[in-house]
Amino acid sequence: MYGWCGKILYVDLSRSKVSEKPLSDELRARFIGGRGINAKLLWDIAKPGVEPFSPENPLIFGTGPLTGTIVPMTGRATVTTKSPATGLYVKSSMGGHFAGELKFAGYDHIVILGRAKNPTMLWIDDGDVELVDASHLWGKDVRETDMIVKKDLGDRDVKVASIGPAGERMVKFASIMNSVYNACARAGVGAVMGFKRLKAIAVRGTGSIKVKDPERLWGLVFEIVERLKNRPFTYGTSELIDDLNEKYMLPSYNFRKGHIEGGHNLSGRYFAEAGYLRRKHGCFSCIIGCHLYNVVEKGPYAGYAVGPEYEAAFSLGSNTGVTDTEALLKANELCNIYGLDVISTGVVIAWAMESYERGILTKEETDGLDLRFGNGEALVKLVHMIAFREGNIGNLLAEGVKRAAEKVGKESYKWAMCNSKGLEHSGIDTRTWSTRALTYSVNPRGPDHLFHQIWPSPELAREITGLDDVSPPLPLWAEARIVKWYGDHFAVTDALGICKFSDDVMYTNAKVMSDLYSAVTGVDLTPSELLLIGTRIYNLERCYNVREGFDRRLDDLPWRLMHEPVDWKGIPSNKLPYPLLAEGGVNSPERLREAQDEYYRLQGWDLKTGWPLKDTLVKLDLEDVAEELAKLGKLPTG
Amino acid sequence: MRFILIVDHEKCNGCTYCMLVCSMKHKGIIQRGSSRIKVYKDEARALAIPMLCEHCDNPPCAEVCPTKAISKDPKLGAVLVNQDLCTGCGACVEVCPYSGVRLDPETGKALICDLCGGEPLCAKVCTVREAITWVEATPSALERKRRLAEARVEEFKRMMREGP
């Protein structure tokens, strides 16, 4: 087999058994790998209505057929499960070196079922797989765990994916970390791992990967490598901080404002200027290497600090009003080693800060913390308390912002930055960047930027829409087309194992992706055939949500974004981010509905329920899925 | 003009991509164990040190080789292994001051960088970081190579002392 290893590893933690099955031709042909095959495995294995925290909820790791070949920037692994945060589908992906190692060990996917009696580690030593006691690792943070596992095994080259104290305590937004600093963190994948008492997965892979057409592949690869050379990635995603802050589009103070004084202190450029940045490191096979490795020399926050990326700098920085660089670095570092999603952590803390300033959370309820915006010390303390579920406030916030707001009541949902799906909103204010409102609302896992985003160059926008004039605001049908275009591309990218930082060199270039796919696997697909698989994957994910109770009402945005304009006090009106500013300053439910109508029509989904139509699923070769939905009475015929 | 391979571990981001292309080029499959480069890593500190042959003027590996399998290519300056003569005894692995020699996991024979016959792929693909470069052997480049190799060995020894 070329590209793929051809094997799925099955782990039953309840019975302490491991087994393997071949990766079927059918799965590969229909869903490629990674996110795609993961989604089908979830659909097939998880029973309808499965409790996220139950032995029957599978935790699935997946890699793509390009990972472990000579195609650069292909170190992504996808983790898929039913989310304890949303009760819906979640896939979360991570860079680092885990995916490559797993491929060399001979596995494309791992399916983990059951729940161990005691803390357990899965140890994959090429084909020798065993479940070993991890009692001595329980309670250790991610970095400690990584170092102890390597020492125990006497091998520094082993790759470890693990959870920290947050995952052990089933914090609803706990992450899984690998290679110490690489997170897959959204919607509580680490909490599911913690429920299963699976502390870590260690992998050593010494095997090999073959490719079908080396000569053709070399040609493609040299071109990619050459094109990657001139990309402006000096400080990774954190470059965005200054850019958005200057445009008054940086979500700040729990999305009340679009700008923060001193925001530059949160950017990678400043980490370099101020001497924190020591070096950058890269994920598996990535010649760019965008991760920032910082060191704080002295003071209360002395120590290593890896990252923060844009999302962490927004959520833990501008969104909490904190511009103290060292507090940000520390808060981010604690999220990494405790295993917390930086986005959700910052968003839930900002909600608590606003609740505190409004007098809805008292100092007693915050366990004495003075939770005013901008209090970096309180931020750092609170990250710790959430991870360990300490005190009233730590335990409250560990449930995520939706549940916290429900518990506290007093209309605090109005500033809880999650939508009805229940996931914390990532760092784009869709009121000031209104072309992204639709994408955030229809994202199957919740409002964030990693299922599709609207960020095409004018040339690309023209290509997708066929319009000559692509200056915003675009007509709704054109917006819908762009969202679908990205949705399909993202699905293929995640299925192949490519990093989205590759931009038009790979991930927005279906021609390049199909060429790579053919050269590696020997399966010839045209770009449109490849993208059709993307559409299939994306619709299957939608169907999973439908099966688990989703309907159109959940495709919305946080209350604040739909009802409250940004506070522009003190900002001259000529500085406002026109033309991306939403009409009336908010993402009104009416406009959102109109945009979604266009998008649903384009996708072939029922306008009333938001469920895929029968014809749509049949056309996408998802008859098996359609049949199951029909039995549940959830297959509209349009 | 002769060219030389210069490795600056401070610039290495630890992606190990060089290992993948090296094995593909020489073995036709991707298998890190058969790469002539090995990137040693300390993940917790984001440190990465690529170790490979420095192509010494008087290679100690050639001196200790009992079957005279190792020689220096006078034109390119590469240290070459005659696979027919190599018995896989591993004396070269032990003696190399740069930890630049490994044994192939299948054949057991010595793996030493051959500079890809004059167009080293590792340098060709390390385009962004330029941790590995293929440059003209000017006196200053030779001096830089010597200095960086020394620093690399120092750092490598420190990493090994600290253990995994």
# chains A, B, ... in the order shown; residues from 1 in each chain; ligands from 1
>>> interface_residues(of="chain A", to="chain B", cutoff="7 Å", atoms="only C-alpha atoms", output="PDB file with N, CA and C atoms, in the first residue's frame")
ATOM      1  N   THR A  69       5.324  10.915   4.368  1.00  0.00           N
ATOM      2  CA  THR A  69       5.951  10.860   3.040  1.00  0.00           C
ATOM      3  C   THR A  69       6.887  12.067   2.919  1.00  0.00           C
ATOM      4  N   ILE A  70       7.341  12.345   1.717  1.00  0.00           N
ATOM      5  CA  ILE A  70       8.216  13.511   1.545  1.00  0.00           C
ATOM      6  C   ILE A  70       7.431  14.782   1.231  1.00  0.00           C
ATOM      7  N   ARG A 143       4.251  18.338  30.481  1.00  0.00           N
ATOM      8  CA  ARG A 143       5.704  18.306  30.286  1.00  0.00           C
ATOM      9  C   ARG A 143       6.354  17.238  31.154  1.00  0.00           C
ATOM     10  N   MET A 147       8.414  13.862  29.861  1.00  0.00           N
ATOM     11  CA  MET A 147       9.795  13.573  30.259  1.00  0.00           C
ATOM     12  C   MET A 147       9.903  12.242  31.003  1.00  0.00           C
ATOM     13  N   LYS A 150       9.610   9.294  28.505  1.00  0.00           N
ATOM     14  CA  LYS A 150      10.845   9.106  27.741  1.00  0.00           C
ATOM     15  C   LYS A 150      11.937   8.472  28.607  1.00  0.00           C
ATOM     16  N   LYS A 151      12.003   8.893  29.858  1.00  0.00           N
ATOM     17  CA  LYS A 151      12.999   8.312  30.773  1.00  0.00           C
ATOM     18  C   LYS A 151      12.685   6.845  31.037  1.00  0.00           C
ATOM     19  N   GLY A 154      13.543   4.927  28.192  1.00  0.00           N
ATOM     20  CA  GLY A 154      14.949   5.083  27.828  1.00  0.00           C
ATOM     21  C   GLY A 154      15.138   5.530  26.392  1.00  0.00           C
ATOM     22  N   ASP A 155      14.198   6.304  25.884  1.00  0.00           N
ATOM     23  CA  ASP A 155      14.271   6.687  24.477  1.00  0.00           C
ATOM     24  C   ASP A 155      13.724   8.101  24.300  1.00  0.00           C
ATOM     25  N   ARG A 156      14.615   9.014  23.923  1.00  0.00           N
ATOM     26  CA  ARG A 156      14.167  10.398  23.764  1.00  0.00           C
ATOM     27  C   ARG A 156      13.374  10.598  22.486  1.00  0.00           C
ATOM     28  N   SER A 179       4.061  16.071  21.684  1.00  0.00           N
ATOM     29  CA  SER A 179       5.357  16.740  21.546  1.00  0.00           C
ATOM     30  C   SER A 179       5.419  17.939  22.505  1.00  0.00           C
ATOM     31  N   VAL A 180       4.847  17.778  23.648  1.00  0.00           N
ATOM     32  CA  VAL A 180       4.787  18.712  24.775  1.00  0.00           C
ATOM     33  C   VAL A 180       3.901  19.929  24.493  1.00  0.00           C
ATOM     34  N   THR A 206       9.519   2.767  13.760  1.00  0.00           N
ATOM     35  CA  THR A 206      10.782   2.645  13.017  1.00  0.00           C
ATOM     36  C   THR A 206      10.535   2.107  11.606  1.00  0.00           C
ATOM     37  N   GLY A 207       9.281   1.993  11.258  1.00  0.00           N
ATOM     38  CA  GLY A 207       8.953   1.411   9.955  1.00  0.00           C
ATOM     39  C   GLY A 207       9.113   2.406   8.813  1.00  0.00           C
ATOM     40  N   SER A 208       8.511   2.044   7.697  1.00  0.00           N
ATOM     41  CA  SER A 208       8.695   2.867   6.503  1.00  0.00           C
ATOM     42  C   SER A 208       7.368   3.122   5.801  1.00  0.00           C
ATOM     43  N   ILE A 209       7.379   4.134   4.972  1.00  0.00           N
ATOM     44  CA  ILE A 209       6.219   4.477   4.144  1.00  0.00           C
ATOM     45  C   ILE A 209       6.676   4.459   2.688  1.00  0.00           C
ATOM     46  N   LYS A 210       5.826   3.923   1.835  1.00  0.00           N
ATOM     47  CA  LYS A 210       6.162   3.900   0.412  1.00  0.00           C
ATOM     48  C   LYS A 210       5.254   4.858  -0.353  1.00  0.00           C
ATOM     49  N   VAL A 225       8.414  23.236  -1.894  1.00  0.00           N
ATOM     50  CA  VAL A 225       9.486  23.708  -1.012  1.00  0.00           C
ATOM     51  C   VAL A 225       9.973  25.085  -1.457  1.00  0.00           C
ATOM     52  N   LYS A 229       9.372  28.983   0.573  1.00  0.00           N
ATOM     53  CA  LYS A 229      10.539  29.770   0.979  1.00  0.00           C
ATOM     54  C   LYS A 229      10.174  31.228   1.263  1.00  0.00           C
ATOM     55  N   LYS A 280      12.461  29.218  17.314  1.00  0.00           N
ATOM     56  CA  LYS A 280      11.184  28.714  16.838  1.00  0.00           C
ATOM     57  C   LYS A 280      11.339  27.231  16.553  1.00  0.00           C
ATOM     58  N   HIS A 281      10.276  26.495  16.720  1.00  0.00           N
ATOM     59  CA  HIS A 281      10.383  25.080  16.376  1.00  0.00           C
ATOM     60  C   HIS A 281       9.220  24.647  15.501  1.00  0.00           C
ATOM     61  N   GLY A 282       9.407  23.488  14.907  1.00  0.00           N
ATOM     62  CA  GLY A 282       8.469  23.082  13.871  1.00  0.00           C
ATOM     63  C   GLY A 282       7.804  21.756  14.161  1.00  0.00           C
ATOM     64  N   CYS A 283       6.672  21.562  13.529  1.00  0.00           N
ATOM     65  CA  CYS A 283       5.999  20.274  13.587  1.00  0.00           C
ATOM     66  C   CYS A 283       6.679  19.318  12.614  1.00  0.00           C
ATOM     67  N   PHE A 284       6.254  18.082  12.661  1.00  0.00           N
ATOM     68  CA  PHE A 284       6.777  17.043  11.797  1.00  0.00           C
ATOM     69  C   PHE A 284       6.713  17.476  10.328  1.00  0.00           C
ATOM     70  N   SER A 285       7.816  17.403   9.675  1.00  0.00           N
ATOM     71  CA  SER A 285       7.980  17.654   8.236  1.00  0.00           C
ATOM     72  C   SER A 285       7.661  19.092   7.822  1.00  0.00           C
ATOM     73  N   CYS A 286       7.633  20.004   8.775  1.00  0.00           N
ATOM     74  CA  CYS A 286       7.341  21.391   8.417  1.00  0.00           C
ATOM     75  C   CYS A 286       8.601  22.238   8.386  1.00  0.00           C
ATOM     76  N   ILE A 287       8.987  22.648   7.197  1.00  0.00           N
ATOM     77  CA  ILE A 287      10.234  23.398   7.069  1.00  0.00           C
ATOM     78  C   ILE A 287      10.081  24.846   7.530  1.00  0.00           C
ATOM     79  N   ILE A 288       8.849  25.265   7.825  1.00  0.00           N
ATOM     80  CA  ILE A 288       8.647  26.631   8.316  1.00  0.00           C
ATOM     81  C   ILE A 288       8.917  26.695   9.815  1.00  0.00           C
ATOM     82  N   GLY A 289       8.082  26.020  10.585  1.00  0.00           N
ATOM     83  CA  GLY A 289       8.286  26.017  12.035  1.00  0.00           C
ATOM     84  C   GLY A 289       7.832  27.325  12.640  1.00  0.00           C
ATOM     85  N   TYR A 293       9.298  29.740  20.914  1.00  0.00           N
ATOM     86  CA  TYR A 293       9.777  29.237  22.194  1.00  0.00           C
ATOM     87  C   TYR A 293      10.368  30.408  22.962  1.00  0.00           C
TER      88      TYR A 293
END
>>> select_by_dssp(residues="segment 358-425 of chain A", states="helix (DSSP H, G or I)", output="PyMOL selection string")
chain A and resi 376-387+391-397+401-408+412-415
>>> residues_around(residues="Ile110 of chain A", least_positions_apart="3", cutoff="10 Å", atoms="only C-alpha atoms", output="list in words")
Lys7, Ile8, Leu9, Tyr10, Val11, Glu20, Asn38, Pro58, Leu59, Ile60, Phe61, Gly62, Thr63, Val79, Leu102, Tyr107 and Leu113 of chain A
>>> atom_distance(atom1="atom CA of Ile482 of chain A", atom2="atom CA of Tyr440 of chain A")
13.1 Å
>>> atom_distance(atom1="atom CA of Leu592 of chain A", atom2="atom CA of Tyr538 of chain A")
20.4 Å
>>> closest_residue(among="A:Gly633, A:Pro527, A:Gly64, A:Pro55", to="Cys499 of chain A", atoms="only C-alpha atoms")
A:Gly64
>>> residues_around(residues="segment 89-101 of chain B", least_positions_apart="3", cutoff="6 Å", atoms="only C-alpha atoms", output="list in words")
Met51, Leu52, Cys53, Cys61, Leu111 and Ile112 of chain B
>>> residues_around(residues="segment 146-159 of chain B", least_positions_apart="6", cutoff="7 Å", atoms="only C-alpha atoms", output="list of chain:residue names")
B:Val7, B:Asp8, B:His9, B:Ile49, B:Tyr98
>>> write_last_selection(atoms="N, CA, C and O atoms", output="CSV table (one decimal), in the first residue's frame")
chain,number,residue,atom,x,y,z
B,7,VAL,N,26.1,23.1,8.6
B,7,VAL,CA,24.9,22.8,9.5
B,7,VAL,C,25.0,23.7,10.7
B,7,VAL,O,25.9,23.8,11.5
B,8,ASP,N,23.9,24.5,10.8
B,8,ASP,CA,23.8,25.4,11.9
B,8,ASP,C,22.6,25.0,12.8
B,8,ASP,O,21.5,25.3,12.5
B,9,HIS,N,22.9,24.3,13.9
B,9,HIS,CA,21.8,23.7,14.7
B,9,HIS,C,20.9,24.8,15.3
B,9,HIS,O,19.8,24.5,15.6
B,49,ILE,N,19.1,19.1,17.2
B,49,ILE,CA,20.5,19.1,16.7
B,49,ILE,C,20.7,18.0,15.6
B,49,ILE,O,20.6,16.8,15.9
B,98,TYR,N,31.6,13.3,15.3
B,98,TYR,CA,30.4,14.1,15.1
B,98,TYR,C,29.1,13.3,15.2
B,98,TYR,O,28.0,13.7,14.8
>>> select_by_dssp(residues="segment 21-76 of chain B", states="strand (DSSP E or B)", output="list in words")
Ile30, Lys38, Val39, Tyr40, Lys41, Asp42, Leu47, Ala48, Ile49, Pro50, Met51, Ile70, Ser71 and Lys72 of chain B
>>> atom_distance(atom1="atom CA of Thr439 of chain A", atom2="atom CA of Arg30 of chain A")
24.8 Å
